[in-house]
Every structure is written in C-alpha cells, then in structure tokens.
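Read the structure below first, then the notes.
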Amino acid sequence: MLLGLSVRSVCWRGDHILVGTQDSEIFEIVVHDRNKPFLIMQGHCEGELWALAVHPTKPLAMTGSDDRSVRYCWSTSSCVVVIQICPFPCRDMTEVVHIKDRKEAIHELKYSPDGTHLAVGSNDNSVDIYGVVQRYKKVGECIGSNSFITHMDWSTDSKYLQTNDGSARRLFYRMPSKNWASWTCVLGPEVNGIWPKYSDINDINSVDANFNNQILVTADDYGLVKLLRYPCIKKGAKCKKYLGHSAHITNARWSHDYQWVITIGGADHSVFQWKFIPERKTKEALHIAPQGNFKIIYVIPTLHSLVCNYTAVIYIQITKHQRL
C-alpha cells in the first residue's frame, strides 16, 4: 500500500486514514479501497529549505531546497498551494540551456530589471554575468570578493551590481547607484542598523526592502522576523520582532504588492505568510490619535501570520500591536 515509505504519523477517523511520512508527505486512505492511497501533500524532504522567490507582478511565491526540487507555488492572495510539486526534471520546466562554469555551489541568482542579464554568484568568490538574448552566453565576470557570494542587487537601470560575501565585504561593480531595483544585501550603510550588538556576519540570513513604505524585513538564525525602518543607518536600531518558526529562518521576501511577507525555515521546512499592516491601519487598530509629542516615526507596521507547514497544514493568526 505505502511500500518503501517511513510512516511517522497516523490519524484514523471513520472510514478515512491520514498517514504522514518522513518525506513530508500526507496520504489519505479509504478503508474499503486501501490499495489506492491519495496523495494530499508532498513537501521538501531532504536537507534544508533556503531558496525563495516571489513573482514580480503576480501574487505567487516558490521555494526550493537541498532535495534538488522546486516544489511549491504559493498564492499570497488566496493562501493556497497552486502547484504542489515540480521536482526536476518535469514536463512543465523544460531545460533551456545547460552551463557549468564553476566547480563550487551556486548561492545566488538574479535577473537584471530590464531582463537582459542574469547574475550568478557562486562559492568560487565571483559573479558571472550571462546575456539572456545571447542564449545565456557568458558576457562578464565580477571578480574582487575573497569569499563566497551571499547576496546581490541590481540597480533600477540595470547598469550596476552590488554584492555581499562571506567575509562581510560589500562590493560594487561599475559605479554604485542610489536607485536599486531591490535591496536584499545584508551589508551597506543603508542596513547598518539591522545588526544587533555582538552579532556575527552569519546571524542574519536574509533582508528585503519595501521601498514603498520604507520598511526592512530581516530573517535570522534565531528564528526571528524583524521589521525596521529603511534606510536603517544607525546600529542597534529599534525594531519589532515576530516568532513562529521553530528553527533558523533562511529567507524572507516581500510579495509583489508589498502586502505580504513570505519567510521560509531551514530545518522546519515551513513557509510562513505574514500580513503587512501599514502605519495608518495600525494606529486605527490601536485607537491612537496623532497628538502631542507622540513620535509617529517610531511606530513600525505590524505583521500578522498565516502559516503553511508542508508536513501538516496549519493556519495560525497572531496579532501583535506594539509601540516603540
């Protein structure tokens, strides 16, 4: 019936049995038709969950892990899994080109805003630039880092690239630009304040900027999601902290419309969806009137969370209203 699977959990009610496996699968079995189990959910099952990407114009997010698969397309608008599993290779994800220029693992990939180039950062301490129109022919190489590449951002005009590496260095290629299309780098004067006292360069795994509301979200090794002002120049800046993941958080990204934050846990293999509440709505919820010497600049928007765990689907509402 379920040969070769390591069963970890069983729930029997009436004629239906739910079976959870070690590989993050949930099967439903009907007693009178036990030879035909129905697969309800299949999640990431090996290593850790690190890769997270959001669609630039649609309410969709996808994840990838050490099990060499892209498995979920999560709808931020309806809070449901649109595509449950897309392991490589599969019919819907045909290989366009196969390139191997590096011996070490690739840690970061990012297309330029105009779609003409793909930047690929590897553990070989360099960033390779590929031309999309030229069928991903290598057109450039960014050398200067003395450690593996951890984060990258393109400028809005697609002419400049900034990188972070494992030795806590921030490098610019060509000229630094003030108008970045995204901000996911953990180093730079604009994000100095995300680092707590006595923190290590590996403590914060991810950062993403919401330029519309001037807010940063960070994810760290302590299982904390934090909100801070952007730019966050002063070290030890005030923040709001949110808990939910049972292990370190590997990635955090804003949705295309900046209404949600998606976070993924490394060891717990979970995807959290957090609702973003702007300042104005937060004040209304708290019944705070903008009067006296109340410093509105220090009121940081609040997050609610919707949780999707791939081994079991759980929805949790967390409400935290704080004033710093």
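Every chain in the structure tokens takes a letter, A first, then B, and so on in the order presented; its residues are numbered from 1, and the ligands are numbered from 1 following the presented order.
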
Using only C-alpha atoms, I'd like a table of the residues in range 99-132 of chain A that come within 10 Å of range 45-57 of chain A; for each, show the closest atom pair and its distance in Å rounded to one decimal, ordered by chain and ascending number, as JSON lines.
{"residue": "A:His107", "atom": "CA", "partner": "A:Ala51", "partner_atom": "CA", "distance": 9.3}
{"residue": "A:Glu108", "atom": "CA", "partner": "A:Ala51", "partner_atom": "CA", "distance": 9.1}
{"residue": "A:Pro113", "atom": "CA", "partner": "A:Pro56", "partner_atom": "CA", "distance": 10.0}

Create the file for the chosen residues now, containing N, CA and C atoms and written as a PDB file, in the first residue's frame.
ATOM      1  N   HIS A 107      25.159  30.081  -5.175  1.00  0.00           N
ATOM      2  CA  HIS A 107      24.427  30.515  -3.978  1.00  0.00           C
ATOM      3  C   HIS A 107      23.340  31.537  -4.280  1.00  0.00           C
ATOM      4  N   GLU A 108      23.529  32.336  -5.331  1.00  0.00           N
ATOM      5  CA  GLU A 108      22.594  33.437  -5.591  1.00  0.00           C
ATOM      6  C   GLU A 108      22.483  33.679  -7.092  1.00  0.00           C
ATOM      7  N   PRO A 113      16.724  44.123 -13.918  1.00  0.00           N
ATOM      8  CA  PRO A 113      15.347  44.609 -14.089  1.00  0.00           C
ATOM      9  C   PRO A 113      14.880  44.671 -15.538  1.00  0.00           C
TER      10      PRO A 113
END

- Message: Applying 9 Å and only C-alpha atoms, which residues near range 197-202 of chain A remain after dropping the ones on its own chain fewer than 5 positions away? List them as a list in words.
- Response: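 Counting only C-alpha atoms, the residues come to Gly166, Ser167, Ala168, Val186, Asp220, Asp221, Lys235 and Gly236 of chain A.
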
Filtering to C-alpha atoms, could you give me those residues as a PDB file, in the first residue's frame?
ATOM      1  CA  GLY A 166      31.049  35.597   3.358  1.00  0.00           C
ATOM      2  CA  SER A 167      33.864  37.827   4.616  1.00  0.00           C
ATOM      3  CA  ALA A 168      31.418  40.693   5.304  1.00  0.00           C
ATOM      4  CA  VAL A 186      22.821  42.477   4.397  1.00  0.00           C
ATOM      5  CA  ASP A 220      17.936  35.405  11.226  1.00  0.00           C
ATOM      6  CA  ASP A 221      19.430  32.295  12.817  1.00  0.00           C
ATOM      7  CA  LYS A 235      23.448  50.497  14.552  1.00  0.00           C
ATOM      8  CA  GLY A 236      21.165  48.894  17.084  1.00  0.00           C
TER       9      GLY A 236
END

*Would you kindly return, as a list in words, each protein, DNA or RNA residue with an atom no farther than 10 Å from any atom of Arg170 in chain A, considering only C-alpha atoms and excluding same-chain residues fewer than 2 positions away?*
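Close residues of Arg170 in chain A: Ser145, His151, Met152, Gln162, Thr163, Asn164, Asp165, Gly166, Ser167, Ala168, Phe172, Cys185, Val186, Leu187, Gly188 and Pro189 of chain A.
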
Write the residues of the selection above to a file with C-alpha atoms, as a short mmCIF file (atom, residue, chain, number, x, y, z; two decimals), in the first residue's frame.
data_model
loop_
_atom_site.label_atom_id
_atom_site.label_comp_id
_atom_site.auth_asym_id
_atom_site.auth_seq_id
_atom_site.Cartn_x
_atom_site.Cartn_y
_atom_site.Cartn_z
CA SER A 145 35.42 39.04 -3.41
CA HIS A 151 23.59 38.43 -1.70
CA MET A 152 23.23 40.59 -4.83
CA GLN A 162 26.25 45.33 -5.58
CA THR A 163 27.29 42.15 -3.78
CA ASN A 164 27.89 40.83 -0.26
CA ASP A 165 30.20 37.94 0.51
CA GLY A 166 31.05 35.60 3.36
CA SER A 167 33.86 37.83 4.62
CA ALA A 168 31.42 40.69 5.30
CA PHE A 172 30.15 47.49 -6.33
CA CYS A 185 22.08 42.66 0.67
CA VAL A 186 22.82 42.48 4.40
CA LEU A 187 25.78 44.88 4.21
CA GLY A 188 25.94 48.58 3.49
CA PRO A 189 25.30 51.86 5.32
#

As a PDB file with N, CA and C atoms, in the first residue's frame, which residues of range 117-210 of chain A does DSSP assign to helix (DSSP H, G or I)?
ATOM      1  N   PRO A 189      25.747  50.860   4.340  1.00  0.00           N
ATOM      2  CA  PRO A 189      25.303  51.864   5.316  1.00  0.00           C
ATOM      3  C   PRO A 189      23.790  51.943   5.446  1.00  0.00           C
ATOM      4  N   GLU A 190      23.056  51.594   4.374  1.00  0.00           N
ATOM      5  CA  GLU A 190      21.603  51.652   4.419  1.00  0.00           C
ATOM      6  C   GLU A 190      20.990  50.608   5.350  1.00  0.00           C
ATOM      7  N   VAL A 191      21.772  49.573   5.693  1.00  0.00           N
ATOM      8  CA  VAL A 191      21.250  48.493   6.548  1.00  0.00           C
ATOM      9  C   VAL A 191      22.153  48.240   7.754  1.00  0.00           C
ATOM     10  N   ASN A 192      22.925  49.231   8.146  1.00  0.00           N
ATOM     11  CA  ASN A 192      23.803  49.061   9.317  1.00  0.00           C
ATOM     12  C   ASN A 192      23.010  48.724  10.575  1.00  0.00           C
ATOM     13  N   GLY A 193      21.815  49.261  10.678  1.00  0.00           N
ATOM     14  CA  GLY A 193      21.037  49.103  11.899  1.00  0.00           C
ATOM     15  C   GLY A 193      20.408  47.743  12.100  1.00  0.00           C
ATOM     16  N   ILE A 194      20.482  46.855  11.102  1.00  0.00           N
ATOM     17  CA  ILE A 194      19.860  45.532  11.266  1.00  0.00           C
ATOM     18  C   ILE A 194      20.700  44.623  12.157  1.00  0.00           C
TER      19      ILE A 194
END

Checklist entry - For Pro59 in chain A, which residue out of A:Val19, A:Cys142, A:Ile264, A:Tyr258 is the nearest one, using only C-alpha atoms? => result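 Checking each candidate against Pro59 in chain A, we get A:Tyr258 as the closest.
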
| query | Could you work out how far CA of Asp124 in chain A lies from CA of Ser112 in chain A, giving the answer in Å with one decimal? | reply |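 Result for CA of Ser112 in chain A versus CA of Asp124 in chain A: 21.2 Å, one decimal.
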
Ile17 in chain A: which residues within 12 Å, counting only C-alpha atoms, same-chain residues fewer than 2 positions away excluded, as a list in words?
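The contact residues come out as Ser9, Val10, Cys11, Trp12, Arg13, Gly14, Asp15, Val19, Gly20, Ile26, Phe27, Glu28, Ile29, Val30, Val31, His32, Asp33, Arg34, Pro37, Phe38, Leu39 and Ile40 of chain A.
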
A straight line from CA of Ala105 in chain A to CA of Ile129 in chain A spans 16.0 Å

request  = If you run DSSP over the backbone, which residues in range 30-238 of chain A end up strand (DSSP E)? Put them as a PyMOL selection string.
outcome  = chain A and resi 30+38-42+49-54+60-65+69-75+80-83+86-87+106-111+117-122+126-131+137-143+149-154+161-165+170-173+204-210+215-220+224-229

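The spacing separating CA of Val132 in chain A from CA of Thr116 in chain A amounts to 5.3 Å.
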
Taking 2 positions as the minimum chain separation for residues in the same chain, which residues sit within 12 Å of Asn213 in chain A when counting only C-alpha atoms? Answer as a PDB file with C-alpha atoms, in the first residue's frame.
ATOM      1  CA  ALA A 209      13.332  46.247   1.492  1.00  0.00           C
ATOM      2  CA  ASN A 210       9.838  47.595   0.951  1.00  0.00           C
ATOM      3  CA  PHE A 211      10.654  50.856  -0.828  1.00  0.00           C
ATOM      4  CA  ILE A 215      10.423  49.208   5.732  1.00  0.00           C
ATOM      5  CA  LEU A 216      13.012  46.423   6.018  1.00  0.00           C
ATOM      6  CA  VAL A 217      12.226  42.825   6.915  1.00  0.00           C
ATOM      7  CA  LEU A 227      10.726  44.931  10.905  1.00  0.00           C
ATOM      8  CA  LEU A 228      12.896  48.066  10.786  1.00  0.00           C
ATOM      9  CA  ARG A 229      12.882  51.430   9.073  1.00  0.00           C
ATOM     10  CA  TYR A 230      14.609  51.779   5.685  1.00  0.00           C
ATOM     11  CA  PRO A 231      17.170  53.139   5.380  1.00  0.00           C
ATOM     12  CA  TRP A 254       8.022  40.876   0.177  1.00  0.00           C
ATOM     13  CA  ASP A 257       2.294  44.279  -3.987  1.00  0.00           C
ATOM     14  CA  TYR A 258       4.100  44.649  -0.622  1.00  0.00           C
ATOM     15  CA  GLN A 259       1.044  43.442   1.303  1.00  0.00           C
ATOM     16  CA  PHE A 276       1.621  43.630   6.462  1.00  0.00           C
ATOM     17  CA  ILE A 277      -0.375  46.336   8.256  1.00  0.00           C
ATOM     18  CA  PRO A 278       0.713  49.881   7.362  1.00  0.00           C
ATOM     19  CA  GLU A 279       1.135  52.615   9.986  1.00  0.00           C
ATOM     20  CA  ARG A 280      -2.241  54.230   9.398  1.00  0.00           C
ATOM     21  CA  ILE A 297       8.214  57.830  13.064  1.00  0.00           C
ATOM     22  CA  ILE A 300       6.655  50.302  12.933  1.00  0.00           C
ATOM     23  CA  PRO A 301       3.929  48.467  10.982  1.00  0.00           C
TER      24      PRO A 301
END
